[in-house]
file upload-v2.txt (compact mmCIF, N, CA and C atoms)
# COMPACT_ATOMS: atom_id res chain seq x y z
N MET M 1 201.57 -104.09 -91.81
CA MET M 1 202.75 -104.63 -92.45
C MET M 1 203.45 -105.56 -91.47
N ASN M 2 204.17 -106.53 -91.99
CA ASN M 2 204.88 -107.51 -91.17
C ASN M 2 206.36 -107.23 -91.22
N ILE M 3 206.99 -107.21 -90.03
CA ILE M 3 208.42 -106.97 -89.93
C ILE M 3 209.03 -107.95 -88.94
N THR M 4 210.36 -107.99 -88.93
CA THR M 4 211.12 -108.74 -87.93
C THR M 4 211.90 -107.73 -87.11
N VAL M 5 211.86 -107.89 -85.79
CA VAL M 5 212.62 -107.02 -84.90
C VAL M 5 213.70 -107.87 -84.23
N LEU M 6 214.93 -107.35 -84.24
CA LEU M 6 216.05 -108.01 -83.58
C LEU M 6 216.46 -107.19 -82.35
N PHE M 7 216.68 -107.88 -81.24
CA PHE M 7 217.13 -107.25 -80.01
C PHE M 7 218.53 -107.76 -79.70
N PHE M 8 219.38 -106.87 -79.18
CA PHE M 8 220.74 -107.26 -78.83
C PHE M 8 221.06 -106.87 -77.40
N ALA M 9 222.02 -107.59 -76.81
CA ALA M 9 222.59 -107.30 -75.50
C ALA M 9 221.50 -107.12 -74.44
N SER M 10 221.52 -105.99 -73.73
CA SER M 10 220.58 -105.78 -72.61
C SER M 10 219.12 -105.77 -73.08
N LEU M 11 218.87 -105.34 -74.30
CA LEU M 11 217.50 -105.34 -74.81
C LEU M 11 216.98 -106.76 -75.00
N ALA M 12 217.85 -107.65 -75.50
CA ALA M 12 217.47 -109.05 -75.67
C ALA M 12 217.21 -109.70 -74.31
N GLU M 13 218.02 -109.32 -73.32
CA GLU M 13 217.81 -109.87 -71.97
C GLU M 13 216.47 -109.43 -71.42
N LYS M 14 216.14 -108.16 -71.56
CA LYS M 14 214.86 -107.64 -71.05
C LYS M 14 213.68 -108.26 -71.79
N ALA M 15 213.79 -108.40 -73.10
CA ALA M 15 212.70 -108.97 -73.91
C ALA M 15 212.65 -110.49 -73.80
N GLN M 16 213.71 -111.09 -73.26
CA GLN M 16 213.85 -112.54 -73.15
C GLN M 16 213.76 -113.23 -74.51
N GLN M 17 214.25 -112.53 -75.53
CA GLN M 17 214.31 -113.08 -76.87
C GLN M 17 215.21 -112.19 -77.72
N GLY M 18 215.74 -112.76 -78.77
CA GLY M 18 216.59 -112.00 -79.67
C GLY M 18 215.90 -111.56 -80.93
N GLN M 19 214.73 -112.13 -81.17
CA GLN M 19 214.01 -111.84 -82.41
C GLN M 19 212.51 -111.96 -82.18
N GLN M 20 211.76 -111.09 -82.88
CA GLN M 20 210.31 -111.13 -82.77
C GLN M 20 209.69 -110.71 -84.10
N GLN M 21 208.64 -111.42 -84.51
CA GLN M 21 207.88 -111.05 -85.70
C GLN M 21 206.72 -110.17 -85.24
N LEU M 22 206.50 -109.06 -85.93
CA LEU M 22 205.42 -108.14 -85.56
C LEU M 22 204.60 -107.74 -86.77
N SER M 23 203.33 -107.45 -86.53
CA SER M 23 202.45 -106.82 -87.51
C SER M 23 202.20 -105.40 -87.02
N LEU M 24 202.46 -104.42 -87.88
CA LEU M 24 202.37 -103.01 -87.50
C LEU M 24 201.40 -102.25 -88.38
N ALA M 25 200.95 -101.11 -87.86
CA ALA M 25 200.22 -100.15 -88.69
C ALA M 25 201.22 -99.59 -89.71
N ASP M 26 200.75 -99.27 -90.90
CA ASP M 26 201.63 -98.83 -91.98
C ASP M 26 202.38 -97.52 -91.71
N ASN M 27 201.86 -96.67 -90.85
CA ASN M 27 202.48 -95.37 -90.66
C ASN M 27 203.29 -95.25 -89.37
N LEU M 28 203.62 -96.34 -88.73
CA LEU M 28 204.37 -96.31 -87.48
C LEU M 28 205.83 -95.96 -87.76
N SER M 29 206.38 -95.04 -86.97
CA SER M 29 207.78 -94.65 -87.13
C SER M 29 208.67 -95.56 -86.28
N LEU M 30 209.97 -95.51 -86.54
CA LEU M 30 210.92 -96.30 -85.76
C LEU M 30 210.87 -95.91 -84.28
N SER M 31 210.81 -94.61 -84.01
CA SER M 31 210.79 -94.17 -82.61
C SER M 31 209.49 -94.60 -81.93
N GLU M 32 208.37 -94.58 -82.65
CA GLU M 32 207.10 -95.04 -82.07
C GLU M 32 207.15 -96.55 -81.81
N LEU M 33 207.74 -97.29 -82.72
CA LEU M 33 207.90 -98.73 -82.53
C LEU M 33 208.74 -99.00 -81.29
N TYR M 34 209.88 -98.30 -81.18
CA TYR M 34 210.75 -98.52 -80.02
C TYR M 34 210.02 -98.16 -78.73
N THR M 35 209.27 -97.07 -78.73
CA THR M 35 208.52 -96.66 -77.54
C THR M 35 207.52 -97.73 -77.13
N GLN M 36 206.83 -98.32 -78.10
CA GLN M 36 205.89 -99.41 -77.79
C GLN M 36 206.62 -100.59 -77.16
N LEU M 37 207.75 -100.96 -77.76
CA LEU M 37 208.52 -102.10 -77.23
C LEU M 37 209.12 -101.76 -75.87
N GLN M 38 209.53 -100.52 -75.70
CA GLN M 38 210.08 -100.05 -74.42
C GLN M 38 209.03 -100.22 -73.32
N GLN M 39 207.80 -99.84 -73.60
CA GLN M 39 206.71 -99.99 -72.62
C GLN M 39 206.38 -101.46 -72.37
N GLN M 40 206.41 -102.26 -73.44
CA GLN M 40 206.07 -103.67 -73.31
C GLN M 40 207.10 -104.44 -72.50
N TYR M 41 208.38 -104.18 -72.76
CA TYR M 41 209.44 -104.97 -72.14
C TYR M 41 210.20 -104.26 -71.03
N GLY M 42 209.91 -103.00 -70.79
CA GLY M 42 210.59 -102.28 -69.72
C GLY M 42 212.01 -101.87 -70.06
N PHE M 43 212.28 -101.62 -71.34
CA PHE M 43 213.62 -101.15 -71.73
C PHE M 43 213.91 -99.83 -71.02
N GLU M 44 215.09 -99.72 -70.43
CA GLU M 44 215.44 -98.52 -69.69
C GLU M 44 216.11 -97.46 -70.55
N LEU M 45 216.68 -97.84 -71.68
CA LEU M 45 217.40 -96.91 -72.54
C LEU M 45 216.43 -96.19 -73.47
N ASP M 46 216.63 -94.87 -73.64
CA ASP M 46 215.80 -94.16 -74.60
C ASP M 46 216.50 -94.13 -75.96
N THR M 47 215.85 -93.55 -76.95
CA THR M 47 216.36 -93.59 -78.32
C THR M 47 217.70 -92.89 -78.49
N SER M 48 218.05 -91.97 -77.60
CA SER M 48 219.35 -91.30 -77.71
C SER M 48 220.51 -92.23 -77.37
N LYS M 49 220.22 -93.34 -76.72
CA LYS M 49 221.26 -94.29 -76.31
C LYS M 49 221.29 -95.57 -77.15
N VAL M 50 220.30 -95.73 -78.03
CA VAL M 50 220.17 -96.96 -78.81
C VAL M 50 220.35 -96.66 -80.29
N ARG M 51 221.12 -97.50 -80.98
CA ARG M 51 221.25 -97.39 -82.45
C ARG M 51 220.17 -98.26 -83.07
N VAL M 52 219.73 -97.82 -84.24
CA VAL M 52 218.72 -98.59 -84.96
C VAL M 52 219.25 -98.91 -86.35
N ALA M 53 218.92 -100.09 -86.84
CA ALA M 53 219.33 -100.50 -88.19
C ALA M 53 218.12 -101.09 -88.90
N ILE M 54 218.08 -100.86 -90.21
CA ILE M 54 217.05 -101.46 -91.05
C ILE M 54 217.76 -102.30 -92.11
N ASN M 55 217.43 -103.57 -92.15
CA ASN M 55 218.00 -104.49 -93.14
C ASN M 55 219.52 -104.43 -93.16
N ASP M 56 220.12 -104.53 -91.98
CA ASP M 56 221.57 -104.62 -91.78
C ASP M 56 222.33 -103.32 -92.08
N GLU M 57 221.64 -102.19 -92.14
CA GLU M 57 222.32 -100.90 -92.33
C GLU M 57 221.83 -99.93 -91.28
N PHE M 58 222.78 -99.22 -90.64
CA PHE M 58 222.38 -98.24 -89.64
C PHE M 58 221.40 -97.25 -90.24
N ALA M 59 220.41 -96.87 -89.45
CA ALA M 59 219.33 -95.99 -89.93
C ALA M 59 219.17 -94.82 -88.97
N SER M 60 218.37 -93.89 -89.39
CA SER M 60 217.99 -92.74 -88.57
C SER M 60 216.62 -93.04 -87.97
N TRP M 61 216.35 -92.48 -86.81
CA TRP M 61 215.07 -92.73 -86.14
C TRP M 61 213.88 -92.25 -86.95
N ASP M 62 214.10 -91.37 -87.93
CA ASP M 62 212.98 -90.88 -88.73
C ASP M 62 212.85 -91.61 -90.07
N ASP M 63 213.67 -92.64 -90.31
CA ASP M 63 213.54 -93.43 -91.54
C ASP M 63 212.23 -94.24 -91.51
N ALA M 64 211.70 -94.50 -92.69
CA ALA M 64 210.43 -95.23 -92.82
C ALA M 64 210.64 -96.73 -92.63
N ILE M 65 209.62 -97.37 -92.11
CA ILE M 65 209.57 -98.83 -92.00
C ILE M 65 208.73 -99.34 -93.16
N ASN M 66 209.23 -100.37 -93.84
CA ASN M 66 208.52 -100.95 -94.98
C ASN M 66 208.21 -102.42 -94.73
N GLU M 67 207.23 -102.92 -95.44
CA GLU M 67 206.85 -104.33 -95.36
C GLU M 67 208.07 -105.23 -95.51
N GLY M 68 208.21 -106.20 -94.61
CA GLY M 68 209.28 -107.18 -94.70
C GLY M 68 210.62 -106.73 -94.13
N ASP M 69 210.71 -105.49 -93.64
CA ASP M 69 211.98 -105.01 -93.08
C ASP M 69 212.39 -105.80 -91.85
N THR M 70 213.69 -105.85 -91.63
CA THR M 70 214.25 -106.36 -90.38
C THR M 70 214.83 -105.15 -89.65
N ILE M 71 214.28 -104.87 -88.48
CA ILE M 71 214.68 -103.73 -87.67
C ILE M 71 215.50 -104.25 -86.49
N ALA M 72 216.68 -103.68 -86.29
CA ALA M 72 217.53 -104.08 -85.16
C ALA M 72 217.70 -102.90 -84.22
N PHE M 73 217.52 -103.16 -82.93
CA PHE M 73 217.77 -102.18 -81.91
C PHE M 73 219.03 -102.60 -81.16
N ILE M 74 220.03 -101.71 -81.16
CA ILE M 74 221.36 -102.06 -80.67
C ILE M 74 221.77 -101.09 -79.57
N PRO M 75 221.80 -101.57 -78.31
CA PRO M 75 222.22 -100.72 -77.21
C PRO M 75 223.73 -100.60 -77.15
N PRO M 76 224.25 -99.64 -76.38
CA PRO M 76 225.70 -99.58 -76.21
C PRO M 76 226.20 -100.86 -75.54
N VAL M 77 227.37 -101.29 -75.95
CA VAL M 77 227.95 -102.52 -75.41
C VAL M 77 229.33 -102.21 -74.85
N ALA M 78 229.58 -102.66 -73.65
CA ALA M 78 230.91 -102.49 -73.05
C ALA M 78 231.66 -103.79 -73.15
N GLY M 79 232.94 -103.70 -73.22
CA GLY M 79 233.74 -104.92 -73.28
C GLY M 79 235.18 -104.58 -73.51
N GLY M 80 235.99 -105.59 -73.61
CA GLY M 80 237.39 -105.30 -73.81
C GLY M 80 238.19 -106.51 -74.05
call {"tool": "encode", "arguments": {"input": "upload-v2.txt", "output": "structure tokens"}}
result
Amino acid sequence: MNITVLFFASLAEKAQQGQQQLSLADNLSLSELYTQLQQQYGFELDTSKVRVAINDEFASWDDAINEGDTIAFIPPVAGG
């Protein structure tokens, strides 16, 4: 299946991009996807520190990924 992945803040810096198109196996979970990307780009944050969204709505790490979804990984952001 084909999806779009969005990276924000420190994750975008590590990946050196804010968006990526991916082709995935149909049964891949959100946490498995993040783990693959974490290994590929050296993300230091684990899933307990990162929020995930599917198609602009916050999701749970055990939610299913479907064809055409846009998955966003959102790390904590500091500011003021």
call {"tool": "atom_distance", "arguments": {"input": "upload-v2.txt", "atom1": "atom CA of M:Lys49", "atom2": "atom C of M:Pro76"}}
result
8.3 Å
call {"tool": "closest_residue", "arguments": {"input": "upload-v2.txt", "among": "M:Leu28, M:Gly42, M:Ala59, M:Ala64", "to": "M:Ser10", "atoms": "only C-alpha atoms"}}
result
M:Gly42
call {"tool": "closest_residue", "arguments": {"input": "upload-v2.txt", "among": "M:Thr4, M:Thr70, M:Ile65, M:Ala9", "to": "M:Ala25", "atoms": "only C-alpha atoms"}}
result
M:Ile65
call {"tool": "residues_around", "arguments": {"input": "upload-v2.txt", "residues": "M:Asp69", "least_positions_apart": "6", "cutoff": "6 Å", "atoms": "only N, CA and C atoms", "output": "ChimeraX atom specification"}}
result
/M:2-4,55
call {"tool": "residues_around", "arguments": {"input": "upload-v2.txt", "residues": "M:Gln17", "least_positions_apart": "5", "cutoff": "6.5 Å", "atoms": "only N, CA and C atoms", "output": "number ranges by chain"}}
result
M: 7, 11-12
call {"tool": "write_last_selection", "arguments": {"input": "upload-v2.txt", "atoms": "N, CA and C atoms", "output": "tab-separated table (two decimals), in the coordinates of the input"}}
result
chain	number	residue	atom	x	y	z
M	7	PHE	N	216.68	-107.88	-81.24
M	7	PHE	CA	217.13	-107.25	-80.01
M	7	PHE	C	218.53	-107.76	-79.70
M	11	LEU	N	218.87	-105.34	-74.30
M	11	LEU	CA	217.50	-105.34	-74.81
M	11	LEU	C	216.98	-106.76	-75.00
M	12	ALA	N	217.85	-107.65	-75.50
M	12	ALA	CA	217.47	-109.05	-75.67
M	12	ALA	C	217.21	-109.70	-74.31
call {"tool": "residues_around", "arguments": {"input": "upload-v2.txt", "residues": "M:Asp26", "least_positions_apart": "3", "cutoff": "8 Å", "atoms": "all atoms listed in the file", "output": "VMD selection string"}}
result
chain M and resid 1 23 29 65 to 67
call {"tool": "axis_aligned_box", "arguments": {"input": "upload-v2.txt", "around": "stretch 8-26 of chain M", "padding_each_side": "3 Å", "output": "AutoDock Vina command-line options"}}
result
--center_x 211.4 --center_y -105.4 --center_z -81.5 --size_x 28.4 --size_y 21.7 --size_z 26.9
call {"tool": "residues_around", "arguments": {"input": "upload-v2.txt", "residues": "M:Ala72", "least_positions_apart": "3", "cutoff": "5 Å", "atoms": "all atoms listed in the file", "output": "ChimeraX atom specification"}}
result
/M:6,52-53
call {"tool": "closest_residue", "arguments": {"input": "upload-v2.txt", "among": "M:Gly68, M:Glu44, M:Gln38, M:Asp62", "to": "M:Leu24", "atoms": "only C-alpha atoms"}}
result
M:Gly68
call {"tool": "residues_around", "arguments": {"input": "upload-v2.txt", "residues": "M:Ser31", "least_positions_apart": "6", "cutoff": "8 Å", "atoms": "only N, CA and C atoms", "output": "PDB file with N, CA and C atoms, in the frame of the given file"}}
result
ATOM      1  N   LEU M  37     207.750-100.960 -77.760  1.00  0.00           N
ATOM      2  CA  LEU M  37     208.520-102.100 -77.230  1.00  0.00           C
ATOM      3  C   LEU M  37     209.120-101.760 -75.870  1.00  0.00           C
ATOM      4  N   THR M  47     215.850 -93.550 -76.950  1.00  0.00           N
ATOM      5  CA  THR M  47     216.360 -93.590 -78.320  1.00  0.00           C
ATOM      6  C   THR M  47     217.700 -92.890 -78.490  1.00  0.00           C
ATOM      7  N   SER M  60     218.370 -93.890 -89.390  1.00  0.00           N
ATOM      8  CA  SER M  60     217.990 -92.740 -88.570  1.00  0.00           C
ATOM      9  C   SER M  60     216.620 -93.040 -87.970  1.00  0.00           C
ATOM     10  N   TRP M  61     216.350 -92.480 -86.810  1.00  0.00           N
ATOM     11  CA  TRP M  61     215.070 -92.730 -86.140  1.00  0.00           C
ATOM     12  C   TRP M  61     213.880 -92.250 -86.950  1.00  0.00           C
ATOM     13  N   ASP M  62     214.100 -91.370 -87.930  1.00  0.00           N
ATOM     14  CA  ASP M  62     212.980 -90.880 -88.730  1.00  0.00           C
ATOM     15  C   ASP M  62     212.850 -91.610 -90.070  1.00  0.00           C
ATOM     16  N   ASP M  63     213.670 -92.640 -90.310  1.00  0.00           N
ATOM     17  CA  ASP M  63     213.540 -93.430 -91.540  1.00  0.00           C
ATOM     18  C   ASP M  63     212.230 -94.240 -91.510  1.00  0.00           C
TER      19      ASP M  63
END
call {"tool": "closest_residue", "arguments": {"input": "upload-v2.txt", "among": "M:Thr35, M:Gln20, M:Asn27, M:Gln40", "to": "M:Val5", "atoms": "only C-alpha atoms"}}
result
M:Gln20
call {"tool": "select_by_dssp", "arguments": {"input": "upload-v2.txt", "residues": "stretch 20-72 of chain M", "states": "strand (DSSP E or B)", "output": "VMD selection string"}}
result
chain M and resid 20 to 23 51 to 54 57 to 59 70 to 72
call {"tool": "atom_distance", "arguments": {"input": "upload-v2.txt", "atom1": "atom CA of M:Ile74", "atom2": "atom CA of M:Val50"}}
result
5.6 Å
call {"tool": "atom_distance", "arguments": {"input": "upload-v2.txt", "atom1": "atom CA of M:Ile54", "atom2": "atom CA of M:Gln21"}}
result
14.3 Å
call {"tool": "closest_residue", "arguments": {"input": "upload-v2.txt", "among": "M:Asp46, M:Val77, M:Glu57, M:Leu22", "to": "M:Tyr34", "atoms": "only C-alpha atoms"}}
result
M:Asp46
call {"tool": "decode", "arguments": {"input": "upload-v2.txt", "residues": "stretch 26-57 of chain M", "atoms": "N, CA, C and O atoms", "output": "CSV table (one decimal), in the first residue's frame"}}
result
chain,number,residue,atom,x,y,z
M,26,ASP,N,1.0,-4.6,3.6
M,26,ASP,CA,-0.4,-4.3,4.0
M,26,ASP,C,-0.6,-4.5,5.5
M,26,ASP,O,-1.5,-3.9,6.1
M,27,ASN,N,0.2,-5.3,6.2
M,27,ASN,CA,-0.1,-5.6,7.6
M,27,ASN,C,0.8,-4.9,8.6
M,27,ASN,O,0.9,-5.2,9.7
M,28,LEU,N,1.6,-3.9,8.1
M,28,LEU,CA,2.5,-3.1,9.0
M,28,LEU,C,1.7,-2.3,9.9
M,28,LEU,O,0.8,-1.5,9.5
M,29,SER,N,2.1,-2.3,11.2
M,29,SER,CA,1.4,-1.4,12.2
M,29,SER,C,2.1,-0.1,12.3
M,29,SER,O,3.3,0.1,11.8
M,30,LEU,N,1.5,0.9,12.9
M,30,LEU,CA,2.1,2.2,13.1
M,30,LEU,C,3.4,2.1,13.9
M,30,LEU,O,4.4,2.8,13.5
M,31,SER,N,3.4,1.3,14.9
M,31,SER,CA,4.6,1.2,15.7
M,31,SER,C,5.8,0.5,14.9
M,31,SER,O,6.9,0.9,15.1
M,32,GLU,N,5.4,-0.5,14.1
M,32,GLU,CA,6.4,-1.1,13.3
M,32,GLU,C,7.0,-0.1,12.2
M,32,GLU,O,8.2,-0.1,12.0
M,33,LEU,N,6.1,0.7,11.7
M,33,LEU,CA,6.5,1.7,10.7
M,33,LEU,C,7.5,2.7,11.4
M,33,LEU,O,8.5,3.0,10.8
M,34,TYR,N,7.1,3.2,12.6
M,34,TYR,CA,7.9,4.1,13.3
M,34,TYR,C,9.3,3.5,13.6
M,34,TYR,O,10.3,4.1,13.4
M,35,THR,N,9.3,2.3,14.0
M,35,THR,CA,10.5,1.6,14.3
M,35,THR,C,11.5,1.5,13.1
M,35,THR,O,12.7,1.7,13.2
M,36,GLN,N,10.9,1.2,12.0
M,36,GLN,CA,11.7,1.1,10.7
M,36,GLN,C,12.3,2.5,10.4
M,36,GLN,O,13.4,2.6,10.1
M,37,LEU,N,11.4,3.5,10.5
M,37,LEU,CA,11.9,4.9,10.3
M,37,LEU,C,12.9,5.3,11.3
M,37,LEU,O,13.9,6.0,11.0
M,38,GLN,N,12.7,4.9,12.5
M,38,GLN,CA,13.7,5.2,13.6
M,38,GLN,C,15.0,4.7,13.3
M,38,GLN,O,16.1,5.3,13.5
M,39,GLN,N,15.1,3.4,12.8
M,39,GLN,CA,16.4,2.8,12.5
M,39,GLN,C,17.0,3.5,11.2
M,39,GLN,O,18.2,3.7,11.2
M,40,GLN,N,16.1,3.8,10.3
M,40,GLN,CA,16.6,4.4,9.0
M,40,GLN,C,17.2,5.8,9.3
M,40,GLN,O,18.3,6.1,8.7
M,41,TYR,N,16.6,6.6,10.1
M,41,TYR,CA,17.0,8.0,10.3
M,41,TYR,C,17.6,8.3,11.6
M,41,TYR,O,18.1,9.4,11.8
M,42,GLY,N,17.7,7.4,12.5
M,42,GLY,CA,18.3,7.6,13.8
M,42,GLY,C,17.5,8.4,14.8
M,42,GLY,O,18.1,9.1,15.6
M,43,PHE,N,16.2,8.3,14.7
M,43,PHE,CA,15.3,9.0,15.6
M,43,PHE,C,15.6,8.5,17.0
M,43,PHE,O,15.7,7.3,17.3
M,44,GLU,N,15.8,9.5,17.9
M,44,GLU,CA,16.1,9.1,19.3
M,44,GLU,C,14.9,8.9,20.2
M,44,GLU,O,15.0,8.2,21.2
M,45,LEU,N,13.8,9.4,19.8
M,45,LEU,CA,12.6,9.3,20.6
M,45,LEU,C,11.9,8.0,20.4
M,45,LEU,O,11.7,7.6,19.2
M,46,ASP,N,11.4,7.3,21.4
M,46,ASP,CA,10.6,6.1,21.2
M,46,ASP,C,9.1,6.5,21.1
M,46,ASP,O,8.7,7.7,21.3
M,47,THR,N,8.3,5.5,20.9
M,47,THR,CA,6.8,5.8,20.7
M,47,THR,C,6.1,6.4,21.9
M,47,THR,O,5.1,7.0,21.7
M,48,SER,N,6.7,6.2,23.1
M,48,SER,CA,6.0,6.8,24.2
M,48,SER,C,6.2,8.3,24.3
M,48,SER,O,5.5,9.0,25.0
M,49,LYS,N,7.1,8.9,23.5
M,49,LYS,CA,7.4,10.3,23.5
M,49,LYS,C,6.8,11.0,22.2
M,49,LYS,O,6.9,12.2,22.1
M,50,VAL,N,6.3,10.2,21.2
M,50,VAL,CA,5.9,10.7,20.0
M,50,VAL,C,4.4,10.5,19.8
M,50,VAL,O,3.9,9.4,20.1
M,51,ARG,N,3.7,11.5,19.3
M,51,ARG,CA,2.3,11.4,19.0
M,51,ARG,C,2.2,11.0,17.5
M,51,ARG,O,3.0,11.4,16.7
M,52,VAL,N,1.1,10.2,17.2
M,52,VAL,CA,0.9,9.8,15.8
M,52,VAL,C,-0.5,10.3,15.4
M,52,VAL,O,-1.4,10.3,16.2
M,53,ALA,N,-0.6,10.7,14.1
M,53,ALA,CA,-1.9,11.1,13.6
M,53,ALA,C,-2.1,10.4,12.2
M,53,ALA,O,-1.1,10.1,11.5
M,54,ILE,N,-3.3,10.0,11.9
M,54,ILE,CA,-3.7,9.5,10.6
M,54,ILE,C,-4.7,10.4,10.0
M,54,ILE,O,-5.7,10.7,10.6
M,55,ASN,N,-4.4,10.9,8.8
M,55,ASN,CA,-5.3,11.8,8.1
M,55,ASN,C,-5.8,13.0,9.0
M,55,ASN,O,-7.0,13.2,9.1
M,56,ASP,N,-4.8,13.6,9.6
M,56,ASP,CA,-5.1,14.9,10.4
M,56,ASP,C,-5.9,14.6,11.7
M,56,ASP,O,-6.4,15.6,12.3
M,57,GLU,N,-5.9,13.4,12.2
M,57,GLU,CA,-6.6,13.1,13.5
M,57,GLU,C,-5.6,12.3,14.3
M,57,GLU,O,-5.1,11.3,13.8
